[in-house]
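Everything on this sheet refers to the single structure shown next.
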Amino acid sequence: MSAKYEATVTAPVNIAVIKYWGKRDSALILPTNSSLSVTLSQDHLSTRTTIRASPDFGKDRLWLNGVEEDIAASKRLINSITTARNLRAALEQKLLSEGAPAETVVPLSKWSLHVCSENNFPTAAGLASSASGYAALVKALGVLFDLPQSTSDLSRVARVGSGSACRSMFGGFVAWQAGVSDDGHDSFAVQVADRQHWPELQALILVASDKKKAISSTAGMQTTVETSELFAERVRSVVPKRMEAMQRAIAERDFGTFAEITMRDSNQFHAVCLDTYPPISYMNDISRSIVSLVHAFNAARGRVAAAYTYDAGPNAVIYALKDDMRDLVELVTYCFPRDDSTLLEAFYPNSFAIFDSADQVGQRLTRPEVAQLAETAGKFPPGSVRRIIHTEVGDGPRVLPDSESLLNDAGMPK
Ligand code: DP6
């Protein structure tokens, strides 16, 4: 059998604590401001992608969660694949010009690709998958093509697929430097701290049920750039200060500051959405009630112990330190119980076994205190929060062995 040219990787989801919102160049995906995110564990949320190159494939093909997509219909897919291919072509040329024997330089840049990609979380969860999706695509291309570029260099390739994807090329805490140049060479992601830096930091994702289709980030942010006056002020004076303060808070593991900036930045992002004309609102009553609940929880703790943040949809992500998670989960599940049709295991998988340990550390709420705090949230029917994903800070894209490939011998999805 001839050699197989294939790579399989997984890439993580990231949730911004300083939000990216607005482009100064839509084709190259260059942002109006820098942003900063936390990469979440791939044990709970990740995209797995296999890419094979073969001279026998007639054209590039892509399957997403089992359904074939039309690559030609997506400029972003074409852009990221073409950019990676050009880097491979340059590498092949360099090797040949340095005298490498032609038979050792496989012309992968000229062969067609089969790409198969799957998320380990249900699409129905309403979680954005473009960041992990494009990061997995670009990481797999980098491995397949044996590209010598650094992770920050490759983050530029992920960026042309989807802006937030450049941050999923790293684990831990990641900044996307907006850059100023027109060609985008200075707009890439850098790691601010790795995941081991702050292992106590965890995240709780509350998937809020929502029937409405939100305005996509891509469309929404451009209307904001064109119409919001508040937005100009955010870009000019607020974000630069917050980027600095946030990096300091992370370096010092100062949760109080980290949490306050996170909440304020989420609030400001949603405020500029409302200042967009016509206005955009991504949060719903459940999202707003979780905001009140988190502030009530912090007041009861007498410190900022939890921080909410929302992207372009109603789902809440709550950051908190490990020792505060048991109370938070108790509170959230009390206010937003599952409906009868959802199994407990699916609603809250208890991945960290927080209810199983006998020795309790830190502060604990009593049952009456939980009930009292719940009053601030208001009453919602069971099932208003569909699912709770408890996770932690995670690592960057992982390369998997051949046995984990999503493609069969013929190069088709398994
Ligand atoms: C609200 O990265 O999805 O999640 O670059 O157009 O693909 P495109 O947008 P996308 O926007 C993400 C916006 C956000 C904030 C963030 O992740 O920083």
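Chain labels A, B, ... are given in the sequence in which chains occur in the structure tokens; within each chain residues are numbered consecutively from 1, and ligands are likewise numbered from 1 in the order shown.
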
Discussion item. What does the list of residues within 8 Å of ligand 1 look like if you count only C-alpha atoms and all ligand atoms, written as an NGL selection string?
Written reply: :A and (14-21 or 23 or 26 or 29 or 35-37 or 128 or 130-131 or 159-165 or 216-219 or 221 or 269 or 310-312)

Worksheet entry | Filtered DSSP result for region 83-184 of chain A, state helix (DSSP H, G or I), as a PyMOL selection string | chain A and resi 83-97+102-104+108-110+123-125+130-144+151-159+163-169

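Using only C-alpha atoms, the protein and nucleic acid residues lying no more than 7 Å from region 230-239 of chain A, apart from those fewer than 3 places from it along its own chain, are A:Thr32, A:Asn33, A:Val225, A:Arg242, A:Met243, A:Val272, A:Asp275.
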
Preceding selection exported with C-alpha atoms as a PDB file, in the first residue's frame:
ATOM      1  CA  THR A  32     -10.965  46.951  15.340  1.00  0.00           C
ATOM      2  CA  ASN A  33      -9.621  46.023  18.779  1.00  0.00           C
ATOM      3  CA  VAL A 225     -19.014  49.376  13.420  1.00  0.00           C
ATOM      4  CA  ARG A 242      -8.697  46.636  29.871  1.00  0.00           C
ATOM      5  CA  MET A 243      -6.238  44.541  27.857  1.00  0.00           C
ATOM      6  CA  VAL A 272     -22.816  48.489  22.030  1.00  0.00           C
ATOM      7  CA  ASP A 275     -26.498  51.011  20.611  1.00  0.00           C
TER       8      ASP A 275
END

Item to complete: Just the residues within 10 Å of Arg253 (chain A), please, counting only C-alpha atoms, with nothing from its chain fewer than 5 positions along; format it as number ranges by chain.
Response: A: 197-198, 200-201, 247-248, 258

Same residues, C-alpha atoms, saved as a short mmCIF file (atom, residue, chain, number, x, y, z; two decimals), in the first residue's frame:
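result-v3.cif written:
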data_model
loop_
_atom_site.label_atom_id
_atom_site.label_comp_id
_atom_site.auth_asym_id
_atom_site.auth_seq_id
_atom_site.Cartn_x
_atom_site.Cartn_y
_atom_site.Cartn_z
CA HIS A 197 -0.62 28.96 35.41
CA TRP A 198 -4.05 29.09 37.04
CA GLU A 200 -8.11 26.58 39.94
CA LEU A 201 -9.98 28.61 37.31
CA GLN A 247 -3.14 40.65 31.56
CA ARG A 248 -1.94 41.91 34.93
CA PHE A 258 -10.25 39.24 36.36
#

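Assigned to strand (DSSP E) in region 107-204 of chain A, given DSSP computed from backbone atoms, are A:Ser112, A:Leu113, A:His114, A:Val115, A:Cys116, A:Ser117, A:Glu118, A:Asn119, A:Phe173, A:Val174, A:Ala175, A:Trp176, A:Gln177, A:Phe188, A:Ala189, A:Val190, A:Gln191, A:Val192, A:Ala193, A:Leu201, A:Gln202, A:Ala203, A:Leu204.
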
Limited to C-alpha atoms, could you put the picked residues into a file as a PDB file, in the first residue's frame?
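Final file, out-v6.pdb:
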ATOM      1  CA  SER A 112      -6.744  17.615  -3.382  1.00  0.00           C
ATOM      2  CA  LEU A 113      -7.867  17.265   0.234  1.00  0.00           C
ATOM      3  CA  HIS A 114     -10.612  15.387   2.039  1.00  0.00           C
ATOM      4  CA  VAL A 115     -11.525  17.105   5.314  1.00  0.00           C
ATOM      5  CA  CYS A 116     -13.758  15.463   7.908  1.00  0.00           C
ATOM      6  CA  SER A 117     -14.685  17.359  11.061  1.00  0.00           C
ATOM      7  CA  GLU A 118     -16.833  16.602  14.116  1.00  0.00           C
ATOM      8  CA  ASN A 119     -17.673  18.352  17.366  1.00  0.00           C
ATOM      9  CA  PHE A 173      -4.925  32.498  28.313  1.00  0.00           C
ATOM     10  CA  VAL A 174      -4.634  34.016  24.870  1.00  0.00           C
ATOM     11  CA  ALA A 175      -4.490  37.547  23.485  1.00  0.00           C
ATOM     12  CA  TRP A 176      -5.316  38.414  19.888  1.00  0.00           C
ATOM     13  CA  GLN A 177      -3.284  41.523  19.082  1.00  0.00           C
ATOM     14  CA  PHE A 188      -2.234  37.274  15.427  1.00  0.00           C
ATOM     15  CA  ALA A 189      -2.677  35.390  18.700  1.00  0.00           C
ATOM     16  CA  VAL A 190      -0.114  35.051  21.481  1.00  0.00           C
ATOM     17  CA  GLN A 191      -0.269  33.015  24.666  1.00  0.00           C
ATOM     18  CA  VAL A 192      -0.424  35.214  27.767  1.00  0.00           C
ATOM     19  CA  ALA A 193      -0.163  32.312  30.244  1.00  0.00           C
ATOM     20  CA  LEU A 201      -9.977  28.606  37.307  1.00  0.00           C
ATOM     21  CA  GLN A 202     -13.057  26.793  36.030  1.00  0.00           C
ATOM     22  CA  ALA A 203     -16.025  27.586  33.812  1.00  0.00           C
ATOM     23  CA  LEU A 204     -19.692  26.716  33.900  1.00  0.00           C
TER      24      LEU A 204
END

Discussion item. When you look at Val9 (chain A) with a cut-off of 10 Å (counting only C-alpha atoms), what residues show up, excluding the ones that are within fewer than 5 positions of it in the same chain? I need them as number ranges by chain.
Written reply: A: 46-51, 117, 135-141, 143, 397-402, 404-405

Practice prompt. Skip Phe336 (chain A) itself and residues of its chain fewer than 3 positions away, then list as a VMD selection string all residues within 9 Å of it, counting only C-alpha atoms.
Written response: chain A and resid 331 to 333 379 to 386

Fill in: All residues 10 Å or closer to region 75-88 of chain A, only C-alpha atoms, same chain fewer than 5 positions away omitted, as an NGL selection string
:A and (27-29 or 60 or 62 or 70 or 93-94 or 107-111 or 113 or 134 or 137-139 or 141-142 or 144-149 or 154 or 156-162)

Fill in: Residue nearest Arg52 (chain A) among A:Asn408, A:Asn315, A:Ser129, A:Gln363 (counting only C-alpha atoms)
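Under the stated criterion, the closest residue is A:Asn408.
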
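Distance check against Ser181 (chain A) using only C-alpha atoms: of A:Glu369, A:Ala346, A:Leu30, A:Glu375, the minimum falls on A:Leu30.
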
Worksheet entry | Distance criterion (only C-alpha atoms): nearest to Ala299 (chain A) out of A:Gln42, A:Thr376, A:Thr257, A:Ser168 | A:Thr376

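Distance annotation: of A:Ala3, A:Ala259, A:Ala320, A:Ile354, the residue with the minimal separation from Val106 (chain A) is A:Ala3; atom set is only C-alpha atoms.
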
Worksheet item: Between A:Ala178, A:Ala300, A:Ala89, A:Val13, which has the minimum distance to Leu365 (chain A) (counting only C-alpha atoms)?
Response: A:Ala300

Worksheet item: Could you work out how far CA of Gly66 (chain A) lies from CA of Gly220 (chain A), giving the answer in Å with one decimal?
Response: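 Separation of CA of Gly220 (chain A) and CA of Gly66 (chain A): 28.6 Å.
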
Discussion item. Calculated over only C-alpha atoms, which of the candidates A:Ile290, A:Ile389, A:Ile250, A:Met283 has the smallest distance to Leu373 (chain A)?
Written reply: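 Selected residue with least distance to Leu373 (chain A): A:Ile290.
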